[in-house]
Number of protein chains: 2
Amino acid sequence: MPVMSAQIETPAKTGPSEDEVLRQIEQAVLDHRLPPGTKLKEMQLATLFGVKRGLIRKVLTRLAHCRLVDQTPNRGATVAKPSVKEGQDMFAARRAIESAILETLIARVDRRMIKHLRKLLEREHRAYQRNDSEKALALSVDFHRQLAALAGNSVLDEYLNDIIRRTPLVILTHLGDDDQNRCRNQEHAAIVDALEQGNVKKAVKVMHRHLLHIENKIRHKPESRQTDLATLLRPQPERLPA
Amino acid sequence: MPVMSAQIETPAKTGPSEDEVLRQIEQAVLDHRLPPGTKLKEMQLATLFGVKRGLIRKVLTRLAHCRLVDQTPNRGATVAKPSVKEGQDMFAARRAIESAILETLIARVDRRMIKHLRKLLEREHRAYQRNDSEKALALSVDFHRQLAALAGNSVLDEYLNDIIRRTPLVILTHLGDDDQNRCRNQEHAAIVDALEQGNVKKAVKVMHRHLLHIENKIRHKPESRQTDLATLLRPQPERLPA
DNA sequence: TAATAAATTATTGTTAACAATTTTAAACTC
DNA sequence: GAGTTTAAAATTGTTAACAATAATTTATTA
């Protein structure tokens with residue numbers, strides 16, 4: 001059978017994969033678009049993504065496992081709302097893990113890595129300067145992720161990423177969506193400086209101060225509203241064709 | 001239709017819950033009964049536990065998420081076989097996390113906690129002395145778990161438990177099922193001593209040495225056989241009635 | 001009308017049947 | 001007999017229909 005050369009727009013288009021749906025929801029949380037407490041109904045999500053309910057079900061289970069959503073039997077899933085205690089525990093754990101990452105990294109860091117990190121800092125700095133706070137936040141998160149990746153310990157990397165995914169929920173629940181509550185670029189730079197000098201103690205110290213800066217502000221905040229799901233999930237960044 | 005009044009032994013007895021099945025498989029791994037690489041067939045497990053395949057499916061997914069089993073699309077699940085690198089990363093991460101736990105714990109430890117820990121050590125010691133190595137191993141694991149629980153940081157607690165669950169797989173894959181590869185009771189005692197003295201540095205130092213003791217021995221070991229699943233899962237310890 | 005109860009609707013949970021894939025066995029070729 | 005192809009069986013993956021539960025609406029009563 002000959003195949004038309006023009007795009008036939010197969011109407012039976014298979015929707016996004018399980019991983020893709022997961023990624024998009026995670027990203028929505030990371031971008032502060034999905035506020036803690038938002039109800040996630042299975043059919044709603046299935047229709048929205050154009051997939052079967054079973055797939056959504058699996059995704060919600062996975063999200064529940066990394067504590068991005070709360071699942072209650074027979075009552076469905078909501079975006080998680082970490083308690084103050086949980087938030088504090090997360091930050092304390094994060095300090096320990098990022099310290100361990102720096103200690104591992106400093107033993108193997110080389111000129112190429114430093115260059116890579118500085119390039120990242122430069123991009124982050126520019127995003128701040130042009131007031132693109134969405135991009136700046138993303139790059140700031142990326143800085144921490146890159147440190148973990150460069151350190152090369154897959155377990156620490158996994159744990160840090162786990163915490164990073166959950167952090168926006170703590171911030172939104174207890175501090176609000178305020179630009180003040182983001183990483184400070186110059187502190188990131190100080191960490192790279194210390195790394196380059198091979199000064200573990202200093203790197204760890206700066207990192208601690210860096211994290212404590214946000215950590216110390218956690219206290220209680222009134223309430224967050226219930227907004228329209230479709231809107232919250234829509235503004236996804238451009239995606240490259242497979 | 002009349003129903004006999006004598007107990008009809010409802011043949012439709014509901015099997016164990018999802019959590020219970022999960023627990024039993026986890027325990028089988030922890031007890032070194034399920035060797036790395038063992039194939040876990042869904043129907044086999046379903047029949048074995050007297051549950052539906054769907055439930056097994058969920059359990060396997062959960063086990064895969066905490067990396068106790070490997071899941072390959074269309075090819076099912078096997079008990080995970082961590083690489084040497086992954087094992088090393090786990091131990092390195094464990095050192096960082098257990099240190100953080102000790103640092104947290106030392107700030108809040110009191111006489112009651114010390115007493116609790118010493119009682120645990122005593123039981124562990126007795127198990128060793130009467131050559132009950134299964135019990136001794138369990139209590140030894142419990143010691144580390146108790147430190148995490150007493151420290152009170154839920155996130156660190158979760159991560160440590162994650163690592164503890166995976167550790168037997170590393171040991172079995174790369175060291176073999178040898179009594180030599182277990183925790184040394186006297187080192188546990190030294191940690192409690194340091195805690196009681198409020199000596200963080202010493203506690204952390206002892207813990208590091210304690211973990212490095214096993215960590216340093218990881219290297220490659222020939223192969224492990226494929227044994228009968230039913231046998232491996234059967235010898236479960238007595239369970240208290242709900 | 002406010003409060004309660006009953007009926008309706010919406011949502012989540014389960015399962016059995018089916019589809020897709022891989023593994024095993026058998027048949028065949030050289 | 002070693003290697004390849006084909007057929008059968010076993011295993012995993014998906015789905016649509018149903019069941020169970022929770023949320024909402026409507027009806028009822030004081």
# chains A, B, ... in the order shown; residues from 1 in each chain; ligands from 1
call {"tool": "interface_residues", "arguments": {"of": "chain A", "to": "chain D", "cutoff": "9 Å", "atoms": "only C-alpha atoms (C1' of nucleotides)", "output": "MDAnalysis selection string"}}
result
chainID A and resid 52 54 74:75
call {"tool": "write_last_selection", "arguments": {"atoms": "C-alpha atoms", "output": "PDB file, in the first residue's frame"}}
result
ATOM      1  CA  LYS A  52      -6.276   6.597  29.342  1.00  0.00           C
ATOM      2  CA  GLY A  54      -4.949   3.838  33.797  1.00  0.00           C
ATOM      3  CA  ASN A  74     -11.127   6.385  47.726  1.00  0.00           C
ATOM      4  CA  ARG A  75     -10.598  10.119  47.859  1.00  0.00           C
TER       5      ARG A  75
END
call {"tool": "calpha_fit_rmsd", "arguments": {"fixed": "chain B", "moving": "chain A"}}
result
1.5 Å
call {"tool": "closest_atom_pairs", "arguments": {"of": "chain C", "to": "chain A", "cutoff": "12 Å", "atoms": "only C-alpha atoms (C1' of nucleotides)", "output": "JSON lines"}}
result
{"residue": "C:DA10", "atom": "C1'", "partner": "A:Met43", "partner_atom": "CA", "distance": 10.4}
{"residue": "C:DT11", "atom": "C1'", "partner": "A:Lys41", "partner_atom": "CA", "distance": 7.9}
{"residue": "C:DT12", "atom": "C1'", "partner": "A:Asn74", "partner_atom": "CA", "distance": 5.2}
{"residue": "C:DG13", "atom": "C1'", "partner": "A:Asn74", "partner_atom": "CA", "distance": 7.3}
call {"tool": "interface_residues", "arguments": {"of": "chain A", "to": "chain B", "cutoff": "8 Å", "atoms": "only C-alpha atoms", "output": "PyMOL selection string"}}
result
chain A and resi 65+86+89-90+93+96-97+100+153-156+159
call {"tool": "atom_distance", "arguments": {"atom1": "CA of Ala151 in chain A", "atom2": "CA of Ser83 in chain B"}}
result
17.8 Å
call {"tool": "select_by_dssp", "arguments": {"residues": "range 66-118 of chain A", "states": "strand (DSSP E)", "output": "VMD selection string"}}
result
chain A and resid 69 to 72 76 to 79
call {"tool": "write_last_selection", "arguments": {"atoms": "N, CA and C atoms", "output": "mmCIF file, in the first residue's frame"}}
result
data_model
loop_
_atom_site.group_PDB
_atom_site.id
_atom_site.type_symbol
_atom_site.label_atom_id
_atom_site.label_comp_id
_atom_site.auth_asym_id
_atom_site.auth_seq_id
_atom_site.Cartn_x
_atom_site.Cartn_y
_atom_site.Cartn_z
ATOM 1 N N VAL A 69 2.527 14.330 45.565
ATOM 2 C CA VAL A 69 1.088 14.355 45.790
ATOM 3 C C VAL A 69 0.735 13.469 46.973
ATOM 4 N N ASP A 70 -0.373 13.840 47.614
ATOM 5 C CA ASP A 70 -0.930 13.011 48.673
ATOM 6 C C ASP A 70 -2.035 12.164 48.075
ATOM 7 N N GLN A 71 -2.030 10.881 48.374
ATOM 8 C CA GLN A 71 -3.086 10.006 47.898
ATOM 9 C C GLN A 71 -3.831 9.444 49.093
ATOM 10 N N THR A 72 -5.153 9.638 49.119
ATOM 11 C CA THR A 72 -5.974 9.069 50.182
ATOM 12 C C THR A 72 -6.905 8.046 49.558
ATOM 13 N N GLY A 76 -8.850 10.074 46.238
ATOM 14 C CA GLY A 76 -8.048 10.661 45.191
ATOM 15 C C GLY A 76 -6.776 11.348 45.634
ATOM 16 N N ALA A 77 -6.226 12.132 44.729
ATOM 17 C CA ALA A 77 -4.904 12.725 44.932
ATOM 18 C C ALA A 77 -4.977 14.244 44.938
ATOM 19 N N THR A 78 -4.151 14.865 45.739
ATOM 20 C CA THR A 78 -3.992 16.315 45.712
ATOM 21 C C THR A 78 -2.503 16.632 45.723
ATOM 22 N N VAL A 79 -2.166 17.802 45.207
ATOM 23 C CA VAL A 79 -0.781 18.242 45.300
ATOM 24 C C VAL A 79 -0.420 18.353 46.779
#
call {"tool": "select_by_dssp", "arguments": {"residues": "range 105-138 of chain B", "states": "alpha helix (DSSP H)", "output": "PyMOL selection string"}}
result
chain B and resi 105-106+111-129+133-138
call {"tool": "atom_distance", "arguments": {"atom1": "CA of Glu196 in chain B", "atom2": "CA of Lys115 in chain B"}}
result
9.9 Å
